[in-house]
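Colleague: Could you have a look at this structure, given as structure tokens, before my questions?
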Amino acid sequence: MTQAILREIIDYANRADPYPLYEELRKTPVAQDGDGPYVVSTYYEIQSLLHDPRISSDRRNVSSTAGDPLAQAEEDGETALPPAFLGLDPPEHDRLRRMANRPFGPPHSPHRVHDMRGELGGIVSGLIDGIAAKDGLDRIDLVDRFSYPFPVSVICRLLGVPPEDEPRFHVWADTLAAGLDPDPDADPSQRHKGSQDTRLELGMYLAGLIEERRKSPGDDMLSHLATADGPDGTMTTMEILSTSALLLIAGHETTVNLITNGMLTLLRHPEVLQRLREDPGLAVPVVEELLRYEPPVQLLPQRSPLTEIEIAGVTIPKGASLWLILASGNRDPKRFENPDRFDPDRKDIQHLGLGSGIHSCFGAPLARLEAQLALSELARRLENPRLLEDPPPYRQNAVLRGPRHLPIACDGIRP
Ligand code: HEM
């Protein structure tokens, strides 16, 4: 039964609205059918597993992926993220995350994200100006024109990629994103090769940049990672490579989808859009509620128990594949009142949209700032925006879910 629902969740036909399927899943908080993965769909159970040290994020600990509809693609190298700290357990995870965090966030770099505010605002303004310059206003694809290019530019600035190389990064990010979004009709060997070639090119480019930064460091993340020599020692070139590729991949598609899901939701709730236009400060609760209501990461399919565990009356064996459906937990009526209502005035929005526990989103402060700036500026500057297709066409990906295009029209662009 559950497996049938899992197939339906993966089925593209349900991409625009998977929420009724999640409601069905929550009737059995922890479920397995046949030899498929164990699926956890309720808020408190997901929270508890995200904080459980017996749960591994390292795919190498999964003993069998038979019956797991996503794992087969991953074994082909299609959906696998680079073997960086996202896919590692303590102590390796903690060491690499601490080292990556030193130049990024508190306590050592409390100002990094805040100091990017002006630069981010400049990118947002430039992209919105570009919409006016490039397109007629009667059909704008907000994904291609805005949501897609924005986060890649931000990651480039964060890492310290020279502006003239940014276009190459956009191409690599596109190809890697396509690898995360397998087209079921494409020839698997070609897809695999495209993705591998891109990884190689990106790796070689970053290796060159790391060498340069070692010789003459600046204040960017790559320079700091390349020259780090703190209590955790130094990072090897491979570790720097996989960490920076992780930042690129984890920070790209997710942010694209948050901004696009955000505009889609605001256009479906014009009263909230109007309030945001009048009060940019509302962007803070709007973004939090979006992370609950339409989370860009719908599920985490790469956990597994290091030992037999029991949860919600179900015994899950060591090495079983475990899926945590964050988007379902976010709509659990046992946790949130009127969970299917988009309501930025909620008093308590402790959502699962950025994960929880030791792997909770590393880039969260940056992701929040990007989405807040993007949505408040789009609300302020687009005159009378309206959706041209509802629902819009979605990407294939069921894990990193969001529209592939968001066609809108507007009457003008305010300065
Ligand atoms: C709206 C945008 C974003 C969303 C929804 C999001 C969501 C998530 C989620 C759910 C996780 C937990 C994964 C797990 O537990 O296995 C995660 C981890 C992570 N995120 Fe984000 N993310 C976003 C943006 C970013 C950005 C901008 C960056 C980089 C600057 C980033 C870097 C990471 C990294 C490195 C991890 C792994 C953390 C670890 O394993 O310790 N994310 N993210």
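The way I read the labels, and the way they are meant: chains A, B, ... in the order of the structure tokens, residue 1 as the first residue of every chain, and ligand 1 as the first ligand shown, with later ones counted on from there.
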Return as a tab-separated table (two decimals) with N, CA and C atoms, in the first residue's frame the residues of protein, DNA or RNA that approach ligand 1 to within 6 Å, with only C-alpha atoms and all ligand atoms taken into account.

Modeller:
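What ended up in part-v3.tsv:
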```tsv
chain	number	residue	atom	x	y	z
A	85	PHE	N	30.10	16.60	3.56
A	85	PHE	CA	29.63	16.31	4.92
A	85	PHE	C	28.13	16.04	5.01
A	86	LEU	N	27.36	16.45	4.00
A	86	LEU	CA	25.93	16.10	3.98
A	86	LEU	C	25.73	14.59	4.07
A	97	ARG	N	32.11	20.11	8.84
A	97	ARG	CA	31.12	21.18	8.97
A	97	ARG	C	31.71	22.33	9.82
A	246	LEU	N	29.45	20.87	-2.80
A	246	LEU	CA	28.24	20.71	-1.97
A	246	LEU	C	27.54	22.06	-1.79
A	247	LEU	N	28.31	23.11	-1.50
A	247	LEU	CA	27.70	24.43	-1.31
A	247	LEU	C	26.97	24.86	-2.58
A	250	ALA	N	23.85	22.25	-2.98
A	250	ALA	CA	22.84	22.35	-1.92
A	250	ALA	C	22.22	23.74	-1.88
A	251	GLY	N	22.98	24.74	-2.32
A	251	GLY	CA	22.48	26.11	-2.22
A	251	GLY	C	21.80	26.60	-3.48
A	254	THR	N	17.64	24.39	-4.36
A	254	THR	CA	16.78	24.65	-3.21
A	254	THR	C	16.30	26.10	-3.17
A	255	THR	N	17.25	27.03	-3.36
A	255	THR	CA	16.89	28.44	-3.28
A	255	THR	C	16.04	28.86	-4.48
A	258	LEU	N	12.63	27.79	-3.59
A	258	LEU	CA	11.99	28.58	-2.53
A	258	LEU	C	11.45	29.89	-3.11
A	296	PRO	N	11.13	23.46	-0.42
A	296	PRO	CA	11.86	23.04	-1.62
A	296	PRO	C	12.44	21.64	-1.49
A	297	VAL	N	12.83	21.22	-0.27
A	297	VAL	CA	13.28	19.83	-0.08
A	297	VAL	C	12.09	19.08	0.51
A	300	LEU	N	13.81	13.54	2.62
A	300	LEU	CA	15.21	13.14	2.75
A	300	LEU	C	15.28	11.62	2.54
A	353	GLY	N	11.47	22.55	7.07
A	353	GLY	CA	11.91	22.91	5.73
A	353	GLY	C	13.42	23.01	5.57
A	354	LEU	N	14.14	23.28	6.65
A	354	LEU	CA	15.60	23.35	6.57
A	354	LEU	C	16.23	22.18	7.33
A	355	GLY	N	15.45	21.13	7.54
A	355	GLY	CA	15.93	19.98	8.28
A	355	GLY	C	15.99	20.30	9.77
A	358	ILE	N	21.88	17.58	13.52
A	358	ILE	CA	23.26	17.91	13.14
A	358	ILE	C	23.41	18.26	11.65
A	359	HIS	N	22.50	17.77	10.80
A	359	HIS	CA	22.61	18.08	9.36
A	359	HIS	C	21.72	19.25	8.96
A	360	SER	N	21.13	19.96	9.93
A	360	SER	CA	20.21	21.04	9.55
A	360	SER	C	20.95	22.02	8.64
A	361	CYS	N	20.20	22.69	7.78
A	361	CYS	CA	20.80	23.42	6.67
A	361	CYS	C	21.93	24.36	7.11
A	362	PHE	N	23.08	24.11	6.54
A	362	PHE	CA	24.28	24.89	6.80
A	362	PHE	C	24.10	26.32	6.28
A	363	GLY	N	23.44	26.44	5.13
A	363	GLY	CA	23.31	27.76	4.48
A	363	GLY	C	22.07	28.52	4.88
A	364	ALA	N	21.38	28.07	5.95
A	364	ALA	CA	20.07	28.64	6.30
A	364	ALA	C	20.05	30.17	6.38
A	366	LEU	N	21.82	32.36	4.88
A	366	LEU	CA	21.96	32.91	3.53
A	366	LEU	C	20.69	32.65	2.72
A	367	ALA	N	20.17	31.43	2.81
A	367	ALA	CA	18.95	31.06	2.07
A	367	ALA	C	17.80	31.99	2.47
```

Colleague: Env of A:Leu222: 7 Å cut, atoms = only C-alpha atoms, seq-sep filter 4 positions within chain, self excluded. Answer as a PyMOL selection string.

Modeller: chain A and resi 159-160+210+226

Colleague: Just how far from atom CA of A:Ala132 is atom CA of A:Leu400, in Å to one decimal?

Modeller: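 These atoms are spaced 29.3 Å apart.
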
Colleague: Between A:Asp115, A:Asn397, A:Arg386, A:Tyr205, which one has atoms that come closest to A:Leu137, using only C-alpha atoms?

Modeller: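 Looking at the shortest contact to A:Leu137, the residue is A:Arg386.
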
Colleague: Could you tell me how far atom CA of A:Asp332 sits from atom CA of A:Glu289, in Å to one decimal place?

Modeller: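 So the answer is 14.1 Å.
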
Colleague: Nearest to A:Tyr394: which of A:Leu378, A:Arg214, A:Arg98, A:Asn257 is it, counting only C-alpha atoms?

Modeller: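 The answer is A:Asn257, which sits nearest to A:Tyr394.
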
Colleague: Skip A:Tyr148 itself and residues of its chain fewer than 5 positions away, then list as a PDB file with C-alpha atoms, in the first residue's frame all residues within 12 Å of it, counting only C-alpha atoms.

Modeller:
```pdb
ATOM      1  CA  VAL A 124      18.312  41.312  -7.228  1.00  0.00           C
ATOM      2  CA  LEU A 127      17.983  40.931 -12.479  1.00  0.00           C
ATOM      3  CA  ASP A 141       9.370  33.355 -17.127  1.00  0.00           C
ATOM      4  CA  LEU A 142      10.295  34.219 -13.582  1.00  0.00           C
ATOM      5  CA  VAL A 143      12.399  31.055 -13.235  1.00  0.00           C
ATOM      6  CA  SER A 153      25.581  34.329  -8.609  1.00  0.00           C
ATOM      7  CA  VAL A 154      25.331  34.371  -4.812  1.00  0.00           C
ATOM      8  CA  HIS A 170      25.788  28.856 -14.431  1.00  0.00           C
ATOM      9  CA  VAL A 171      26.292  26.177 -17.123  1.00  0.00           C
ATOM     10  CA  ALA A 173      25.005  24.364 -12.125  1.00  0.00           C
ATOM     11  CA  ASP A 174      22.431  23.754 -14.895  1.00  0.00           C
ATOM     12  CA  ALA A 177      20.711  20.305 -11.570  1.00  0.00           C
ATOM     13  CA  GLY A 251      22.479  26.110  -2.224  1.00  0.00           C
ATOM     14  CA  HIS A 252      21.263  26.269  -5.798  1.00  0.00           C
ATOM     15  CA  GLU A 253      18.172  24.265  -6.727  1.00  0.00           C
ATOM     16  CA  THR A 254      16.775  24.647  -3.206  1.00  0.00           C
ATOM     17  CA  THR A 255      16.889  28.444  -3.277  1.00  0.00           C
ATOM     18  CA  VAL A 256      15.563  28.560  -6.858  1.00  0.00           C
ATOM     19  CA  ASN A 257      12.566  26.565  -5.687  1.00  0.00           C
ATOM     20  CA  LEU A 258      11.986  28.576  -2.534  1.00  0.00           C
ATOM     21  CA  ILE A 259      11.809  31.815  -4.524  1.00  0.00           C
ATOM     22  CA  THR A 260       9.652  30.305  -7.274  1.00  0.00           C
ATOM     23  CA  ALA A 374      13.993  38.447  -3.641  1.00  0.00           C
ATOM     24  CA  GLY A 402       9.488  23.272  -7.753  1.00  0.00           C
ATOM     25  CA  PRO A 403       8.204  24.766 -11.015  1.00  0.00           C
ATOM     26  CA  ARG A 404      10.448  24.528 -14.094  1.00  0.00           C
ATOM     27  CA  HIS A 405       8.858  27.701 -15.450  1.00  0.00           C
ATOM     28  CA  LEU A 406       6.678  30.340 -13.832  1.00  0.00           C
TER      29      LEU A 406
END
```

Colleague: If you run DSSP on the backbone here, which positions in stretch 126-291 of chain A get strand (DSSP E or B)? Please write them as a PyMOL selection string.

Modeller: chain A and resi 140-141+230+233

Colleague: Include N, CA and C atoms and write out the residues we just selected as a CSV table (one decimal), in the first residue's frame.

Modeller:
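So the final result, stored in part_39.csv, reads:
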```csv
chain,number,residue,atom,x,y,z
A,140,ILE,N,6.6,36.7,-18.9
A,140,ILE,CA,7.9,36.7,-18.3
A,140,ILE,C,8.0,35.3,-17.6
A,141,ASP,N,9.1,34.6,-17.9
A,141,ASP,CA,9.4,33.4,-17.1
A,141,ASP,C,10.2,33.7,-15.9
A,230,GLY,N,43.3,25.7,11.7
A,230,GLY,CA,42.8,25.9,13.1
A,230,GLY,C,42.9,24.6,13.9
A,233,GLY,N,42.8,21.3,12.1
A,233,GLY,CA,43.8,21.0,11.1
A,233,GLY,C,43.5,21.7,9.8
```

Colleague: Excluding same-chain residues fewer than 5 positions from A:Pro53, what lies within 12 Å of it counting only C-alpha atoms, as a ChimeraX atom specification?

Modeller: /A:48,89-91,303-307,309,357-359

Colleague: Restrict the selected residues to C-alpha atoms and save them as a PDB file, in the first residue's frame.

Modeller:
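Saved to again.pdb:
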```
ATOM      1  CA  SER A  48      12.923  12.483  16.642  1.00  0.00           C
ATOM      2  CA  ASP A  89      28.300  10.826  10.010  1.00  0.00           C
ATOM      3  CA  PRO A  90      30.199  12.086  13.076  1.00  0.00           C
ATOM      4  CA  PRO A  91      33.040  12.509  13.674  1.00  0.00           C
ATOM      5  CA  ARG A 303      18.978   7.922   6.007  1.00  0.00           C
ATOM      6  CA  SER A 304      19.392   4.496   7.552  1.00  0.00           C
ATOM      7  CA  PRO A 305      19.610   3.050  11.109  1.00  0.00           C
ATOM      8  CA  LEU A 306      23.038   1.920  12.352  1.00  0.00           C
ATOM      9  CA  THR A 307      21.270  -0.517  14.643  1.00  0.00           C
ATOM     10  CA  ILE A 309      15.409   0.849  16.166  1.00  0.00           C
ATOM     11  CA  GLY A 357      19.600  18.158  14.091  1.00  0.00           C
ATOM     12  CA  ILE A 358      23.263  17.915  13.139  1.00  0.00           C
ATOM     13  CA  HIS A 359      22.612  18.080   9.364  1.00  0.00           C
TER      14      HIS A 359
END
```

Colleague: Got a sec: who's within 10 Å of A:Val113, counting only C-alpha atoms, leaving out chain neighbours fewer than 6 positions off, as number ranges by chain?

Modeller: A: 104-105, 120, 158, 363, 365-367, 369-370

Colleague: Go ahead and save the residues from that selection, with N, CA, C and O atoms, as an mmCIF file, in the first residue's frame.

Modeller:
```
data_model
loop_
_atom_site.group_PDB
_atom_site.id
_atom_site.type_symbol
_atom_site.label_atom_id
_atom_site.label_comp_id
_atom_site.auth_asym_id
_atom_site.auth_seq_id
_atom_site.Cartn_x
_atom_site.Cartn_y
_atom_site.Cartn_z
ATOM 1 N N PHE A 104 32.211 31.133 7.634
ATOM 2 C CA PHE A 104 30.852 31.401 7.139
ATOM 3 C C PHE A 104 29.915 31.985 8.200
ATOM 4 O O PHE A 104 29.081 32.848 7.902
ATOM 5 N N GLY A 105 29.996 31.478 9.432
ATOM 6 C CA GLY A 105 28.982 31.891 10.415
ATOM 7 C C GLY A 105 29.564 32.057 11.803
ATOM 8 O O GLY A 105 30.772 31.923 12.007
ATOM 9 N N LEU A 120 23.857 41.292 -2.435
ATOM 10 C CA LEU A 120 22.679 40.515 -2.835
ATOM 11 C C LEU A 120 21.591 41.441 -3.378
ATOM 12 O O LEU A 120 20.959 41.150 -4.403
ATOM 13 N N LEU A 158 30.087 34.111 -2.825
ATOM 14 C CA LEU A 158 30.464 33.544 -1.527
ATOM 15 C C LEU A 158 31.789 32.786 -1.642
ATOM 16 O O LEU A 158 32.694 32.957 -0.823
ATOM 17 N N GLY A 363 23.438 26.442 5.129
ATOM 18 C CA GLY A 363 23.315 27.757 4.476
ATOM 19 C C GLY A 363 22.070 28.519 4.883
ATOM 20 O O GLY A 363 21.734 29.530 4.247
ATOM 21 N N PRO A 365 21.017 30.822 7.045
ATOM 22 C CA PRO A 365 20.929 32.289 7.130
ATOM 23 C C PRO A 365 21.012 32.951 5.754
ATOM 24 O O PRO A 365 20.325 33.938 5.491
ATOM 25 N N LEU A 366 21.825 32.359 4.875
ATOM 26 C CA LEU A 366 21.959 32.915 3.530
ATOM 27 C C LEU A 366 20.688 32.651 2.716
ATOM 28 O O LEU A 366 20.167 33.541 2.026
ATOM 29 N N ALA A 367 20.174 31.426 2.813
ATOM 30 C CA ALA A 367 18.954 31.065 2.069
ATOM 31 C C ALA A 367 17.804 31.986 2.473
ATOM 32 O O ALA A 367 17.055 32.485 1.632
ATOM 33 N N LEU A 369 17.966 35.017 3.795
ATOM 34 C CA LEU A 369 18.201 36.388 3.330
ATOM 35 C C LEU A 369 17.913 36.500 1.829
ATOM 36 O O LEU A 369 17.259 37.444 1.376
ATOM 37 N N GLU A 370 18.394 35.525 1.055
ATOM 38 C CA GLU A 370 18.156 35.560 -0.397
ATOM 39 C C GLU A 370 16.658 35.606 -0.690
ATOM 40 O O GLU A 370 16.188 36.417 -1.490
#
```

Colleague: Would you pick out the contacts of A:Arg275 at 12 Å or less, using only C-alpha atoms, so that residues sharing its chain but fewer than 2 positions from it are not included, and give the list as a ChimeraX atom specification?

Modeller: /A:266,269-273,277-283,285-286,344-345,376,379-380

Colleague: When you count only C-alpha atoms, which of these residues is closest to A:Ala228: A:Arg102, A:Arg368, A:His111, A:Arg381?

Modeller: A:Arg102

Colleague: Report, in Å to a single decimal, how far apart atom CA of A:Gln32 and atom CA of A:Asn330 are.

Modeller: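 Distance reported for this atom pair: 20.7 Å.
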
Colleague: Closest to A:Pro301 among A:Ile123, A:Leu200, A:Val314, A:Leu6, using only C-alpha atoms?

Modeller: A:Leu6

Colleague: Excluding A:Gln302 and residues on its chain fewer than 4 positions from it, collect all residues at most 9 Å away from it, counting only C-alpha atoms, and give them as a list in words.

Modeller: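 Neighbouring residues, sequence-local ones excluded: Ser56, Ser57, Asp58, Arg59, Val62, Ala71, Gly87, Ser321, Leu322, Trp323 and Leu324 of chain A.
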
Colleague: With all heavy atoms kept, could you save the residues just selected as a tab-separated table (two decimals), in the first residue's frame?

Modeller:
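Written file, part-v4.tsv:
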```tsv
chain	number	residue	atom	x	y	z
A	56	SER	N	21.98	7.09	10.41
A	56	SER	CA	23.12	7.51	9.60
A	56	SER	C	22.65	8.25	8.35
A	56	SER	O	21.59	7.98	7.80
A	56	SER	CB	23.90	6.26	9.18
A	56	SER	OG	24.85	6.60	8.20
A	57	SER	N	23.50	9.21	7.91
A	57	SER	CA	23.25	9.90	6.63
A	57	SER	C	24.17	9.37	5.55
A	57	SER	O	24.20	9.91	4.45
A	57	SER	CB	23.51	11.41	6.80
A	57	SER	OG	22.40	12.03	7.39
A	58	ASP	N	24.95	8.36	5.89
A	58	ASP	CA	25.94	7.85	4.96
A	58	ASP	C	25.35	6.68	4.17
A	58	ASP	O	25.06	5.62	4.76
A	58	ASP	CB	27.17	7.40	5.79
A	58	ASP	CG	28.36	7.04	4.92
A	58	ASP	OD1	28.14	6.67	3.74
A	58	ASP	OD2	29.49	7.13	5.42
A	59	ARG	N	25.18	6.88	2.88
A	59	ARG	CA	24.52	5.85	2.05
A	59	ARG	C	25.24	4.51	2.12
A	59	ARG	O	24.64	3.47	1.88
A	59	ARG	CB	24.48	6.27	0.56
A	59	ARG	CG	23.50	7.35	0.19
A	59	ARG	CD	22.07	7.04	0.50
A	59	ARG	NE	21.46	5.97	-0.29
A	59	ARG	CZ	20.18	5.61	-0.18
A	59	ARG	NH1	19.39	6.22	0.67
A	59	ARG	NH2	19.68	4.64	-0.91
A	62	VAL	N	23.55	1.73	4.03
A	62	VAL	CA	22.29	1.09	3.61
A	62	VAL	C	22.63	-0.28	3.06
A	62	VAL	O	23.44	-0.39	2.13
A	62	VAL	CB	21.58	1.93	2.53
A	62	VAL	CG1	20.29	1.25	2.09
A	62	VAL	CG2	21.29	3.34	3.04
A	71	ALA	N	16.79	5.05	-5.17
A	71	ALA	CA	18.16	4.57	-4.98
A	71	ALA	C	18.77	4.05	-6.27
A	71	ALA	O	19.95	4.24	-6.51
A	71	ALA	CB	18.19	3.49	-3.91
A	87	GLY	N	26.63	13.83	3.45
A	87	GLY	CA	26.48	12.37	3.43
A	87	GLY	C	27.43	11.65	4.36
A	87	GLY	O	27.76	10.49	4.12
A	321	SER	N	16.62	1.22	4.31
A	321	SER	CA	16.55	2.54	3.72
A	321	SER	C	15.37	3.29	4.34
A	321	SER	O	14.28	2.74	4.50
A	321	SER	CB	16.36	2.39	2.21
A	321	SER	OG	16.22	3.64	1.62
A	322	LEU	N	15.61	4.55	4.72
A	322	LEU	CA	14.63	5.31	5.49
A	322	LEU	C	14.37	6.63	4.79
A	322	LEU	O	15.31	7.36	4.49
A	322	LEU	CB	15.25	5.53	6.87
A	322	LEU	CG	14.43	6.05	8.01
A	322	LEU	CD1	13.26	5.14	8.28
A	322	LEU	CD2	15.32	6.12	9.28
A	323	TRP	N	13.12	6.92	4.51
A	323	TRP	CA	12.76	8.21	3.90
A	323	TRP	C	12.02	9.06	4.92
A	323	TRP	O	11.05	8.60	5.52
A	323	TRP	CB	11.80	8.01	2.73
A	323	TRP	CG	12.36	7.45	1.49
A	323	TRP	CD1	13.50	6.71	1.34
A	323	TRP	CD2	11.78	7.57	0.18
A	323	TRP	NE1	13.67	6.37	0.02
A	323	TRP	CE2	12.63	6.87	-0.71
A	323	TRP	CE3	10.64	8.17	-0.32
A	323	TRP	CZ2	12.37	6.78	-2.07
A	323	TRP	CZ3	10.37	8.09	-1.67
A	323	TRP	CH2	11.23	7.40	-2.53
A	324	LEU	N	12.47	10.29	5.09
A	324	LEU	CA	11.79	11.22	5.99
A	324	LEU	C	11.07	12.27	5.13
A	324	LEU	O	11.74	13.05	4.44
A	324	LEU	CB	12.79	11.88	6.94
A	324	LEU	CG	13.74	10.93	7.69
A	324	LEU	CD1	14.70	11.72	8.57
A	324	LEU	CD2	12.96	9.93	8.52
```
